[in-house]
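Shown next: my_file-v1.txt, containing compact mmCIF, C-alpha atoms.
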# COMPACT_ATOMS: atom_id res chain seq x y z
CA PRO A 1 -28.67 -13.44 -11.35
CA LEU A 2 -30.73 -16.39 -12.61
CA PHE A 3 -27.88 -18.77 -11.84
CA GLN A 4 -27.98 -17.60 -8.22
CA ALA A 5 -31.72 -18.01 -7.83
CA GLU A 6 -31.72 -21.57 -6.52
CA ASP A 7 -28.93 -20.83 -4.05
CA VAL A 8 -30.86 -17.79 -2.87
CA ILE A 9 -33.97 -19.90 -2.31
CA ARG A 10 -31.99 -22.62 -0.54
CA ASP A 11 -30.34 -20.08 1.75
CA ASP A 12 -33.64 -18.34 2.51
CA LEU A 13 -36.00 -21.30 2.91
CA GLU A 14 -37.53 -19.61 5.92
CA GLY A 15 -39.19 -17.01 3.70
CA LEU A 16 -40.22 -19.65 1.18
CA VAL A 17 -41.68 -21.93 3.87
CA GLY A 18 -43.56 -19.03 5.36
CA SER A 19 -45.06 -18.25 1.95
CA GLU A 20 -46.08 -21.87 1.42
CA MET A 21 -47.72 -21.94 4.85
CA CYS A 22 -49.72 -18.82 4.01
CA ILE A 23 -50.73 -20.35 0.68
CA ARG A 24 -51.77 -23.60 2.34
CA ASP A 25 -53.84 -21.78 4.93
CA ARG A 26 -55.39 -19.45 2.34
CA PHE A 27 -56.54 -22.25 0.03
CA GLU A 28 -56.91 -24.96 2.70
CA ALA A 29 -54.45 -27.13 0.80
CA THR A 30 -52.88 -30.35 2.05
CA GLN A 31 -49.51 -29.79 0.37
CA VAL A 32 -47.64 -26.96 -1.37
CA VAL A 33 -44.53 -27.70 -3.49
CA TYR A 34 -42.31 -25.25 -5.33
CA HIS A 35 -40.43 -26.56 -8.39
CA CYS A 36 -37.43 -24.46 -9.34
CA ASN A 37 -36.83 -24.33 -13.08
CA VAL A 38 -34.13 -21.67 -13.16
CA THR A 39 -30.99 -23.80 -13.04
CA SER A 40 -32.17 -27.30 -12.02
CA GLU A 41 -35.21 -29.43 -11.30
CA ARG A 42 -35.12 -29.28 -7.51
CA ALA A 43 -38.30 -29.05 -5.50
CA TYR A 44 -39.10 -27.65 -2.04
CA ALA A 45 -42.17 -28.97 -0.18
CA TRP A 46 -44.09 -27.58 2.80
CA LEU A 47 -44.48 -31.08 4.23
CA GLU A 48 -41.84 -33.77 3.85
CA ASP A 49 -42.67 -35.84 0.82
CA ASP A 50 -40.42 -38.55 -0.62
CA ARG A 51 -42.57 -38.81 -3.72
CA LEU A 52 -41.55 -35.54 -5.31
CA GLU A 53 -41.32 -36.25 -9.01
CA GLN A 54 -39.98 -34.36 -12.01
CA LEU A 55 -42.46 -32.19 -13.86
CA SER A 56 -43.60 -33.23 -17.27
CA ASP A 57 -43.09 -31.06 -20.34
CA GLU A 58 -46.82 -30.30 -20.35
CA ILE A 59 -46.59 -28.81 -16.86
CA LYS A 60 -43.38 -26.95 -17.63
CA ALA A 61 -45.03 -25.28 -20.59
CA ILE A 62 -47.34 -23.18 -18.36
CA LEU A 63 -44.26 -21.25 -17.17
CA TRP A 64 -44.24 -19.45 -20.53
CA ASN A 65 -48.02 -18.92 -20.66
CA ASP A 66 -50.33 -16.88 -18.47
CA THR A 67 -52.44 -19.89 -17.48
CA THR A 68 -52.79 -22.59 -14.85
CA LEU A 69 -53.05 -26.36 -15.19
CA SER A 70 -55.08 -28.80 -13.08
CA ILE A 71 -54.13 -32.50 -12.99
CA GLU A 72 -56.06 -34.78 -10.62
CA ASN A 73 -55.91 -33.20 -7.15
CA THR A 74 -53.08 -30.75 -7.92
CA LEU A 75 -53.21 -27.28 -9.42
CA TYR A 76 -50.06 -25.93 -11.12
CA LEU A 77 -49.45 -22.21 -11.59
CA PRO A 78 -46.41 -20.34 -13.00
CA VAL A 79 -44.15 -18.30 -10.71
CA LYS A 80 -42.88 -15.46 -12.85
CA SER A 81 -42.62 -11.71 -13.06
CA GLN A 82 -41.96 -9.30 -15.88
CA GLU A 83 -38.23 -9.74 -15.41
CA SER A 84 -37.74 -13.43 -14.63
CA HIS A 85 -39.34 -16.87 -14.91
CA TRP A 86 -38.64 -18.72 -11.66
CA GLY A 87 -40.57 -21.97 -11.49
CA ILE A 88 -43.90 -23.64 -10.89
CA LEU A 89 -45.98 -23.79 -7.70
CA ALA A 90 -48.04 -26.95 -7.10
CA ILE A 91 -51.01 -26.76 -4.67
CA SER A 92 -52.60 -30.12 -3.73
CA TRP A 93 -55.93 -30.97 -2.07
CA GLY A 94 -57.61 -34.15 -0.98
CA GLU A 95 -60.12 -33.74 -3.81
CA PRO A 96 -59.96 -32.25 -7.34
CA PRO A 97 -59.63 -28.44 -7.34
CA GLU A 98 -62.64 -28.12 -9.74
CA ASN A 99 -64.91 -28.45 -6.74
CA ARG A 100 -63.40 -25.30 -5.22
CA ASP A 101 -64.23 -21.72 -6.02
CA ILE A 102 -60.75 -20.50 -7.09
CA ASP A 103 -60.31 -17.61 -9.50
CA THR A 104 -57.60 -18.16 -12.13
CA ALA A 105 -56.61 -14.48 -12.02
CA VAL A 106 -56.06 -14.78 -8.28
CA LEU A 107 -53.79 -17.79 -8.83
CA LEU A 108 -51.78 -15.98 -11.50
CA ALA A 109 -51.45 -12.96 -9.19
CA LEU A 110 -50.30 -15.34 -6.47
CA GLY A 111 -47.55 -16.64 -8.76
CA GLN A 112 -46.44 -13.10 -9.49
CA GLN A 113 -46.33 -12.25 -5.77
CA VAL A 114 -44.20 -15.34 -5.05
CA ALA A 115 -41.88 -14.32 -7.92
CA ILE A 116 -41.59 -10.82 -6.44
CA LEU A 117 -40.78 -12.43 -3.09
CA PHE A 118 -37.95 -14.40 -4.68
CA GLU A 119 -36.61 -11.27 -6.42
CA ASN A 120 -36.62 -9.39 -3.13
CA ILE A 121 -34.77 -12.26 -1.47
CA GLN A 122 -32.26 -12.29 -4.31
CA ALA A 123 -31.82 -8.50 -4.18
CA PHE A 124 -31.18 -8.69 -0.44
CA SER A 125 -28.71 -11.53 -0.98
CA ASN A 126 -26.88 -9.48 -3.64
CA VAL A 127 -26.67 -6.50 -1.30
CA ARG A 128 -25.36 -8.76 1.45
CA PHE A 129 -22.81 -10.28 -0.94
CA GLN A 130 -21.64 -6.85 -2.12
CA ASN A 131 -21.35 -5.69 1.48
CA ASP A 132 -19.28 -8.75 2.41
CA MET A 133 -17.06 -8.24 -0.63
CA LEU A 134 -16.49 -4.55 0.16
CA GLN A 135 -15.76 -5.44 3.77
CA SER A 136 -13.18 -7.99 2.60
CA VAL A 137 -11.53 -5.37 0.36
CA PHE A 138 -11.65 -2.83 3.20
CA GLU A 139 -9.95 -5.21 5.62
CA GLY A 140 -7.54 -6.52 2.97
CA ILE A 141 -5.85 -3.13 2.51
CA SER A 142 -2.69 -3.21 4.61
CA ASP A 143 -2.38 0.58 4.91
CA PRO A 144 -4.53 2.45 7.46
CA LEU A 145 -8.00 3.14 6.04
CA LEU A 146 -10.76 4.78 8.08
CA LEU A 147 -14.20 6.30 7.67
CA ILE A 148 -14.63 9.34 9.90
CA ASP A 149 -17.11 12.17 10.34
CA ALA A 150 -16.57 15.92 10.40
CA ASN A 151 -15.73 15.81 14.13
CA CYS A 152 -12.92 13.30 13.60
CA ARG A 153 -14.95 10.48 15.12
CA ILE A 154 -14.11 7.03 13.76
CA LEU A 155 -17.03 5.24 12.12
CA MET A 156 -15.07 2.38 10.57
CA ALA A 157 -11.41 1.34 10.71
CA ASN A 158 -9.57 -1.56 9.08
CA LYS A 159 -6.93 -3.72 10.72
CA GLY A 160 -4.11 -1.68 9.17
CA SER A 161 -5.20 1.37 11.17
CA ARG A 162 -4.15 -0.24 14.44
CA ASP A 163 -0.60 0.97 13.87
CA ILE A 164 -1.67 4.61 13.95
CA LEU A 165 -4.36 4.23 16.63
CA LEU A 166 -2.09 3.09 19.43
CA THR A 167 -3.94 4.55 22.38
CA LYS A 168 -2.33 5.68 25.57
CA GLU A 169 -3.78 5.07 29.01
CA ASN A 170 -7.37 6.38 29.32
CA GLU A 171 -7.30 7.59 25.70
CA SER A 172 -9.99 6.79 23.13
CA ARG A 173 -9.32 5.84 19.53
CA ASP A 174 -10.74 9.18 18.40
CA LYS A 175 -8.21 11.05 20.55
CA ALA A 176 -5.44 8.79 19.22
CA LEU A 177 -6.46 9.74 15.67
CA GLU A 178 -6.40 13.44 16.57
CA ARG A 179 -2.92 12.98 18.02
CA PHE A 180 -1.81 11.17 14.87
CA LEU A 181 -3.12 13.98 12.65
CA GLY A 182 -1.38 16.53 14.84
CA PHE A 183 -4.49 18.42 15.96
CA ARG A 184 -3.14 18.90 19.49
CA ARG A 185 0.21 20.21 18.24
CA GLN A 186 -1.44 22.95 16.18
CA LYS A 187 -2.19 26.24 17.90
CA LYS A 188 -5.10 27.00 15.59
CA THR A 189 -7.61 24.26 14.87
CA ASN A 190 -8.63 26.09 11.70
CA ASP A 191 -5.21 25.31 10.22
CA SER A 192 -5.67 21.55 10.48
CA LEU A 193 -6.03 19.33 7.43
CA LEU A 194 -9.58 18.35 8.42
CA ALA A 195 -10.62 21.98 8.86
CA ARG A 196 -9.36 22.85 5.38
CA LEU A 197 -11.28 19.92 3.92
CA LEU A 198 -14.50 20.98 5.65
CA LYS A 199 -14.06 24.46 4.22
CA LYS A 200 -13.53 23.35 0.61
CA GLU A 201 -15.10 19.84 0.70
CA GLU A 202 -12.47 18.73 -1.79
CA PRO A 203 -9.89 15.91 -1.51
CA LEU A 204 -6.75 16.97 0.32
CA ASN A 205 -3.47 15.29 1.21
CA LYS A 206 -0.58 16.21 3.45
CA GLU A 207 2.66 14.75 4.72
CA ILE A 208 2.82 14.45 8.50
CA GLU A 209 5.48 13.34 10.98
CA THR A 210 4.55 11.46 14.13
CA ARG A 211 6.21 11.81 17.50
CA ASP A 212 8.03 8.56 16.76
CA HIS A 213 9.64 10.29 13.75
CA LEU A 214 7.65 8.24 11.24
CA PHE A 215 6.39 9.94 8.10
CA PHE A 216 2.96 9.39 6.55
CA ARG A 217 1.19 10.77 3.50
CA VAL A 218 -2.43 11.29 4.61
CA TYR A 219 -5.26 11.54 2.07
CA LEU A 220 -8.77 12.78 2.92
CA TYR A 221 -11.66 12.15 0.51
CA PRO A 222 -15.10 13.65 1.31
CA LEU A 223 -18.02 11.42 0.32
CA PRO A 224 -21.11 12.87 -1.42
CA LYS A 225 -23.74 13.86 1.11
CA ARG A 226 -26.70 12.76 -1.02
CA GLU A 227 -29.73 12.38 1.25
CA GLN A 228 -27.95 12.71 4.58
CA ASN A 229 -26.63 16.06 5.75
CA VAL A 230 -23.71 14.58 7.70
CA LEU A 231 -20.37 14.61 5.92
CA ARG A 232 -18.46 11.34 5.79
CA ILE A 233 -14.73 11.33 5.04
CA VAL A 234 -12.45 8.52 3.89
CA LEU A 235 -9.00 8.77 5.49
CA TYR A 236 -6.15 6.85 3.89
CA ALA A 237 -2.61 6.94 5.29
CA ARG A 238 0.52 5.55 3.66
CA GLU A 239 3.84 5.37 5.49
CA ILE A 240 6.63 6.99 3.47
CA THR A 241 9.49 6.82 6.00
CA MET A 242 11.57 4.48 3.87
CA GLU A 243 10.86 6.52 0.75
CA LYS A 244 12.07 9.71 2.44
CA GLN A 245 15.23 8.00 3.68
CA MET A 246 15.91 6.65 0.20
CA MET A 247 15.30 10.09 -1.29
CA GLN A 248 17.74 11.62 1.20
CA ARG A 249 20.37 9.06 0.21
CA MET A 250 19.80 9.84 -3.45
CA GLN A 251 20.12 13.56 -2.78
CA GLN A 252 23.31 12.94 -0.80
CA ALA A 253 24.70 10.89 -3.68
CA GLU A 254 23.80 13.68 -6.12
CA ARG A 255 25.52 16.24 -3.89
CA LEU A 256 28.63 14.07 -3.70
CA SER A 257 28.59 13.73 -7.47
CA ALA A 258 28.26 17.49 -7.85
CA ILE A 259 31.09 18.05 -5.35
CA GLY A 260 33.25 15.63 -7.30
CA LYS A 261 32.67 17.52 -10.54
CA MET A 262 33.31 20.82 -8.82
CA ALA A 263 36.46 19.44 -7.20
CA ALA A 264 37.73 18.35 -10.61
CA GLY A 265 37.22 21.87 -11.93
CA VAL A 266 38.89 23.43 -8.91
CA ALA A 267 41.80 20.99 -9.21
CA HIS A 268 42.35 22.01 -12.81
CA GLU A 269 42.30 25.68 -11.83
CA ILE A 270 44.85 25.05 -9.07
CA ASN A 271 47.05 22.83 -11.22
CA ASN A 272 47.73 25.54 -13.80
CA PRO A 273 49.19 28.17 -11.43
CA MET A 274 51.11 25.46 -9.56
CA GLY A 275 52.80 24.53 -12.83
CA VAL A 276 53.79 28.15 -13.31
CA ILE A 277 55.16 28.31 -9.76
CA SER A 278 57.26 25.20 -10.41
CA CYS A 279 58.76 26.73 -13.53
CA TYR A 280 59.71 29.93 -11.67
CA ILE A 281 61.20 27.90 -8.83
CA ASP A 282 63.58 26.27 -11.32
CA LEU A 283 64.51 29.71 -12.71
CA VAL A 284 65.11 31.16 -9.24
CA LYS A 285 67.27 28.18 -8.23
CA ASP A 286 69.65 28.89 -11.13
CA ALA A 287 69.97 32.57 -10.15
CA VAL A 288 70.47 32.16 -6.38
CA SER A 289 73.81 31.27 -4.80
CA SER A 290 73.05 31.88 -1.11
CA PRO A 291 72.65 28.59 0.81
CA GLU A 292 70.00 30.08 3.16
CA ILE A 293 67.87 31.30 0.27
CA MET A 294 68.34 27.98 -1.55
CA GLU A 295 67.05 26.12 1.52
CA ASP A 296 63.95 28.33 1.54
CA ILE A 297 63.44 27.63 -2.15
CA ARG A 298 63.63 23.86 -1.51
CA VAL A 299 60.92 24.21 1.13
CA ILE A 300 58.73 26.08 -1.38
CA GLU A 301 59.48 23.45 -4.02
CA LYS A 302 58.62 20.61 -1.66
CA GLN A 303 55.31 22.15 -0.65
CA THR A 304 54.49 22.91 -4.27
CA LYS A 305 55.04 19.27 -5.19
CA ASN A 306 52.84 18.22 -2.27
CA VAL A 307 50.04 20.48 -3.57
CA GLN A 308 50.44 19.06 -7.07
CA LYS A 309 50.25 15.52 -5.70
CA VAL A 310 47.06 16.33 -3.78
CA VAL A 311 45.60 17.83 -6.97
CA ARG A 312 46.52 14.70 -8.96
CA ASP A 313 44.96 12.46 -6.30
CA LEU A 314 41.84 14.64 -6.27
CA LEU A 315 41.56 14.41 -10.05
CA LYS A 316 42.07 10.68 -9.89
CA LEU A 317 39.29 10.36 -7.32
CA SER A 318 36.84 12.60 -9.20
CA ARG A 319 37.23 10.87 -12.56
CA GLN A 320 34.60 8.35 -13.50
CA LYS A 321 36.06 4.90 -12.99
CA GLN A 322 35.77 2.32 -15.68
CA VAL A 323 34.64 -0.99 -14.25
CA ILE A 324 37.32 -3.55 -15.00
CA SER A 325 36.90 -7.06 -13.71
CA GLY A 326 40.11 -8.48 -12.38
CA LYS A 327 42.38 -8.41 -9.35
CA CYS A 328 43.89 -5.60 -7.31
CA SER A 329 45.98 -4.98 -4.23
CA ILE A 330 43.77 -3.86 -1.38
CA ASN A 331 46.72 -2.26 0.41
CA ASP A 332 47.54 -0.11 -2.62
CA VAL A 333 43.93 1.05 -2.92
CA VAL A 334 43.75 1.92 0.79
CA THR A 335 47.07 3.75 0.66
CA ASP A 336 46.04 5.87 -2.33
CA ALA A 337 42.70 6.73 -0.73
CA ILE A 338 44.34 7.70 2.58
CA LYS A 339 46.53 10.24 0.82
CA VAL A 340 43.45 12.05 -0.47
CA PHE A 341 41.81 12.33 2.97
CA GLN A 342 44.85 13.06 5.13
CA ALA A 343 44.64 16.82 4.59
CA GLN A 344 40.92 16.94 5.40
CA SER A 345 41.35 14.77 8.51
CA ALA A 346 44.13 17.01 9.85
CA SER A 347 42.08 20.19 9.39
CA GLU A 348 39.12 18.72 11.27
CA GLU A 349 41.20 17.24 14.12
CA ILE A 350 40.47 13.71 12.98
CA ARG A 351 43.29 11.22 13.32
CA LEU A 352 43.42 8.85 10.36
CA THR A 353 45.53 5.75 10.96
CA ALA A 354 46.04 2.56 9.03
CA GLN A 355 47.38 -0.86 9.92
CA LEU A 356 47.98 -2.78 6.70
CA GLN A 357 49.24 -6.33 6.85
CA ALA A 358 52.20 -6.78 4.53
CA GLY A 359 52.32 -9.44 1.87
CA LEU A 360 48.58 -9.70 1.25
CA SER A 361 47.70 -11.46 -1.96
CA LEU A 362 45.65 -9.82 -4.71
CA ILE A 363 41.88 -9.87 -4.32
CA LYS A 364 39.29 -10.42 -7.02
CA CYS A 365 37.73 -6.95 -7.14
CA ASP A 366 37.72 -3.85 -9.31
CA ALA A 367 40.03 -1.21 -7.81
CA GLY A 368 37.68 1.65 -8.74
CA ILE A 369 34.71 0.07 -7.02
CA LEU A 370 36.76 -0.67 -3.90
CA GLU A 371 38.03 2.91 -3.87
CA GLN A 372 34.47 4.24 -4.09
CA ILE A 373 33.38 2.05 -1.18
CA LEU A 374 36.24 3.29 1.00
CA THR A 375 35.50 6.89 0.01
CA ASN A 376 31.86 6.58 1.06
CA LEU A 377 32.86 5.01 4.39
CA TRP A 378 35.36 7.76 5.14
CA ILE A 379 32.95 10.52 4.16
CA ASN A 380 30.36 9.11 6.58
CA ALA A 381 32.99 8.79 9.32
CA PHE A 382 34.19 12.38 8.81
CA ASP A 383 30.59 13.66 8.87
CA ALA A 384 30.04 11.92 12.20
CA LEU A 385 33.26 13.32 13.75
CA GLN A 386 33.44 16.79 12.22
CA GLU A 387 32.17 18.51 15.38
CA THR A 388 33.93 16.48 18.07
CA GLY A 389 36.98 15.07 16.30
CA GLY A 390 38.24 11.57 16.94
CA ASP A 391 40.01 8.57 15.46
CA VAL A 392 39.33 6.79 12.19
CA ARG A 393 41.22 3.54 11.88
CA ILE A 394 41.41 1.13 8.98
CA SER A 395 43.20 -2.17 8.94
CA THR A 396 43.70 -5.01 6.48
CA ARG A 397 44.57 -8.60 7.30
CA TYR A 398 44.15 -12.07 5.94
CA VAL A 399 41.38 -14.18 7.53
CA ALA A 400 41.49 -17.89 6.74
CA ASP A 401 38.28 -19.68 5.79
CA ARG A 402 36.72 -21.57 8.66

Show me, as structure tokens, the structure contained in the file I just sent.
Amino acid sequence: PLFQAEDVIRDDLEGLVGSEMCIRDRFEATQVVYHCNVTSERAYAWLEDDRLEQLSDEIKAILWNDTTLSIENTLYLPVKSQESHWGILAISWGEPPENRDIDTAVLLALGQQVAILFENIQAFSNVRFQNDMLQSVFEGISDPLLLIDANCRILMANKGSRDILLTKENESRDKALERFLGFRRQKKTNDSLLARLLKKEEPLNKEIETRDHLFFRVYLYPLPKREQNVLRIVLYAREITMEKQMMQRMQQAERLSAIGKMAAGVAHEINNPMGVISCYIDLVKDAVSSPEIMEDIRVIEKQTKNVQKVVRDLLKLSRQKQVISGKCSINDVVTDAIKVFQAQSASEEIRLTAQLQAGLSLIKCDAGILEQILTNLWINAFDALQETGGDVRISTRYVADR
């Protein structure tokens, strides 16, 4: 604080000048000068005086002693308190001060009162500085931050709160805050977040959804009442819309992964009986001589092989792909992926068509990664068309660099 003393005095010269004027009038002095010895040797005079000189060591020494010093027509007294030593006050007259009836104890008390004045000015300056700093922090927070009372009236609001206090026509900011917190959508006011906080007077938080389908996590912190009986509440809101969307994507990816593992297990369970069926088809073919029955057996054999192929493709899709840098044929990847989804598209009345340009050169891409990308695109397309049906088209062609 001592390093701020001179700045405090410079910023609050009005109080210092007023004190010097009172001192001049009280002692009928011709000039009053304050010499600051906290951080520099600057001086502040009641009347303009170009002859302000530096104090000698003899005069400076009285700052550390409870005494005054008279030199010619000027009386020097220390300005200090129990906490700090501020400087020296010089009171000048037209004649030596010995001819005046001035009590030394009164002068020392005067120095203490001036020191107390400076400390009060400094304390006020510190409070003002702290208030400005807190205000800067308050406004610097990008998320909505408000100070409200128990009736949901806004006492303070930072710039970030403008996004949630978008008022409608003839609507106050307090009503906009109530709408944001969902008070009007709740049948019972006692069920609101603010009502629960008033009941417990403990910090609470809740996730809310606005009418614009934005999600916020709202935190309410009650402030200590202390001397006042009115409850003040800090409201902090953080938008979590993107977080929820990301979480939904992660959950969808986890479900797809689980479905893939389950599909692999189901494929293995199907593959075993299909192998048995194939063996018995070969045995029946050797024992049957009727052409009609043989034709039926060929149909069964063909469909069995189709099921086995679907199972193999499903296993191929569900296996974890090893990333291999290199080249692949995009047409081959698309063709293999189409075979997997043809059965699903037919059952859901979705027409899956492909137009693949022949003779395309190899592309620099891992086949497994490309297959996963196509799978995700088709899954999204099927999800969008599962209720109405429709067309899903994929095409490949060569596009020359422009």

Have a look at A:Ile270, A:Ala381, A:Leu155, A:Cys328 and name the one nearest to Ile350 of chain A; count only C-alpha atoms.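 Once distances to Ile350 of chain A are computed over only C-alpha atoms, the minimum belongs to A:Ala381.
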
Restricting the calculation to all atoms listed in the file: of A:Asp103, A:Leu108, A:Asp174, A:Lys60, which residue gets closest to Leu77 of chain A? A:Leu108

Quick one: residues within 12 Å of Leu256 of chain A, all atoms listed in the file, excluding same-chain residues fewer than 5 positions away - as a list in words?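 Using all atoms listed in the file, the neighbours found are Arg249, Met250, Gln251, Lys261, Met262, Ala263, Leu317, Ser318, Gln372, Thr375, Asn376, Ile379 and Asn380 of chain A.
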
Given the selection you just returned, output its residues as a file containing C-alpha atoms, formatted as a short mmCIF file (atom, residue, chain, number, x, y, z; two decimals), keeping the file's coordinate frame.
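Generated output (selection-v4.cif):
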data_model
loop_
_atom_site.label_atom_id
_atom_site.label_comp_id
_atom_site.auth_asym_id
_atom_site.auth_seq_id
_atom_site.Cartn_x
_atom_site.Cartn_y
_atom_site.Cartn_z
CA ARG A 249 20.37 9.06 0.21
CA MET A 250 19.80 9.84 -3.45
CA GLN A 251 20.12 13.56 -2.78
CA LYS A 261 32.67 17.52 -10.54
CA MET A 262 33.31 20.82 -8.82
CA ALA A 263 36.46 19.44 -7.20
CA LEU A 317 39.29 10.36 -7.32
CA SER A 318 36.84 12.60 -9.20
CA GLN A 372 34.47 4.24 -4.09
CA THR A 375 35.50 6.89 0.01
CA ASN A 376 31.86 6.58 1.06
CA ILE A 379 32.95 10.52 4.16
CA ASN A 380 30.36 9.11 6.58
#

note - atom CA of Ala337 of chain A and atom CA of Lys364 of chain A are separated by 18.6 Å

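Put simply, atom CA of Ile154 of chain A is 18.2 Å away from atom CA of Pro203 of chain A.
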
For segment 198-205 of chain A, supply all heavy atoms and format the output as a PDB file, keeping the file's coordinate frame.
ATOM      1  N   LEU A 198     -13.126  20.584   5.380  1.00  0.00           N
ATOM      2  CA  LEU A 198     -14.500  20.980   5.650  1.00  0.00           C
ATOM      3  C   LEU A 198     -14.828  22.314   4.996  1.00  0.00           C
ATOM      4  O   LEU A 198     -15.983  22.575   4.638  1.00  0.00           O
ATOM      5  CB  LEU A 198     -14.728  21.061   7.164  1.00  0.00           C
ATOM      6  CG  LEU A 198     -14.598  19.741   7.935  1.00  0.00           C
ATOM      7  CD1 LEU A 198     -14.748  19.983   9.426  1.00  0.00           C
ATOM      8  CD2 LEU A 198     -15.629  18.738   7.445  1.00  0.00           C
ATOM      9  N   LYS A 199     -13.827  23.153   4.840  1.00  0.00           N
ATOM     10  CA  LYS A 199     -14.060  24.460   4.220  1.00  0.00           C
ATOM     11  C   LYS A 199     -14.253  24.331   2.720  1.00  0.00           C
ATOM     12  O   LYS A 199     -15.138  24.960   2.139  1.00  0.00           O
ATOM     13  CB  LYS A 199     -12.878  25.385   4.527  1.00  0.00           C
ATOM     14  CG  LYS A 199     -13.042  26.790   4.005  1.00  0.00           C
ATOM     15  CD  LYS A 199     -11.856  27.658   4.411  1.00  0.00           C
ATOM     16  CE  LYS A 199     -12.012  29.077   3.906  1.00  0.00           C
ATOM     17  NZ  LYS A 199     -10.866  29.928   4.297  1.00  0.00           N
ATOM     18  N   LYS A 200     -13.456  23.480   2.067  1.00  0.00           N
ATOM     19  CA  LYS A 200     -13.530  23.350   0.610  1.00  0.00           C
ATOM     20  C   LYS A 200     -14.356  22.146   0.167  1.00  0.00           C
ATOM     21  O   LYS A 200     -14.887  22.136  -0.942  1.00  0.00           O
ATOM     22  CB  LYS A 200     -12.121  23.207   0.036  1.00  0.00           C
ATOM     23  CG  LYS A 200     -11.238  24.425   0.264  1.00  0.00           C
ATOM     24  CD  LYS A 200      -9.877  24.228  -0.394  1.00  0.00           C
ATOM     25  CE  LYS A 200      -8.987  25.445  -0.218  1.00  0.00           C
ATOM     26  NZ  LYS A 200      -7.657  25.263  -0.863  1.00  0.00           N
ATOM     27  N   GLU A 201     -14.434  21.107   1.038  1.00  0.00           N
ATOM     28  CA  GLU A 201     -15.100  19.840   0.700  1.00  0.00           C
ATOM     29  C   GLU A 201     -14.512  19.249  -0.578  1.00  0.00           C
ATOM     30  O   GLU A 201     -15.225  18.777  -1.450  1.00  0.00           O
ATOM     31  CB  GLU A 201     -16.612  20.016   0.601  1.00  0.00           C
ATOM     32  CG  GLU A 201     -17.272  20.346   1.927  1.00  0.00           C
ATOM     33  CD  GLU A 201     -18.778  20.233   1.867  1.00  0.00           C
ATOM     34  OE1 GLU A 201     -19.290  19.782   0.829  1.00  0.00           O
ATOM     35  OE2 GLU A 201     -19.434  20.582   2.862  1.00  0.00           O
ATOM     36  N   GLU A 202     -13.200  19.316  -0.668  1.00  0.00           N
ATOM     37  CA  GLU A 202     -12.470  18.730  -1.790  1.00  0.00           C
ATOM     38  C   GLU A 202     -11.374  17.825  -1.234  1.00  0.00           C
ATOM     39  O   GLU A 202     -10.903  18.025  -0.107  1.00  0.00           O
ATOM     40  CB  GLU A 202     -11.836  19.826  -2.657  1.00  0.00           C
ATOM     41  CG  GLU A 202     -12.855  20.714  -3.358  1.00  0.00           C
ATOM     42  CD  GLU A 202     -12.180  21.797  -4.174  1.00  0.00           C
ATOM     43  OE1 GLU A 202     -10.924  21.902  -4.087  1.00  0.00           O
ATOM     44  OE2 GLU A 202     -12.880  22.534  -4.886  1.00  0.00           O
ATOM     45  N   PRO A 203     -10.958  16.811  -1.991  1.00  0.00           N
ATOM     46  CA  PRO A 203      -9.890  15.910  -1.510  1.00  0.00           C
ATOM     47  C   PRO A 203      -8.613  16.686  -1.207  1.00  0.00           C
ATOM     48  O   PRO A 203      -8.219  17.592  -1.938  1.00  0.00           O
ATOM     49  CB  PRO A 203      -9.689  14.941  -2.690  1.00  0.00           C
ATOM     50  CG  PRO A 203     -10.975  14.983  -3.441  1.00  0.00           C
ATOM     51  CD  PRO A 203     -11.496  16.378  -3.301  1.00  0.00           C
ATOM     52  N   LEU A 204      -7.989  16.331  -0.101  1.00  0.00           N
ATOM     53  CA  LEU A 204      -6.750  16.970   0.320  1.00  0.00           C
ATOM     54  C   LEU A 204      -5.760  15.889   0.747  1.00  0.00           C
ATOM     55  O   LEU A 204      -6.153  14.775   1.109  1.00  0.00           O
ATOM     56  CB  LEU A 204      -6.985  17.927   1.492  1.00  0.00           C
ATOM     57  CG  LEU A 204      -7.840  19.171   1.223  1.00  0.00           C
ATOM     58  CD1 LEU A 204      -8.055  19.927   2.526  1.00  0.00           C
ATOM     59  CD2 LEU A 204      -7.176  20.076   0.202  1.00  0.00           C
ATOM     60  N   ASN A 205      -4.487  16.203   0.702  1.00  0.00           N
ATOM     61  CA  ASN A 205      -3.470  15.290   1.210  1.00  0.00           C
ATOM     62  C   ASN A 205      -2.336  16.117   1.805  1.00  0.00           C
ATOM     63  O   ASN A 205      -2.111  17.267   1.419  1.00  0.00           O
ATOM     64  CB  ASN A 205      -2.956  14.355   0.114  1.00  0.00           C
ATOM     65  CG  ASN A 205      -2.149  15.082  -0.947  1.00  0.00           C
ATOM     66  OD1 ASN A 205      -0.944  15.274  -0.816  1.00  0.00           O
ATOM     67  ND2 ASN A 205      -2.824  15.507  -2.022  1.00  0.00           N
TER      68      ASN A 205
END
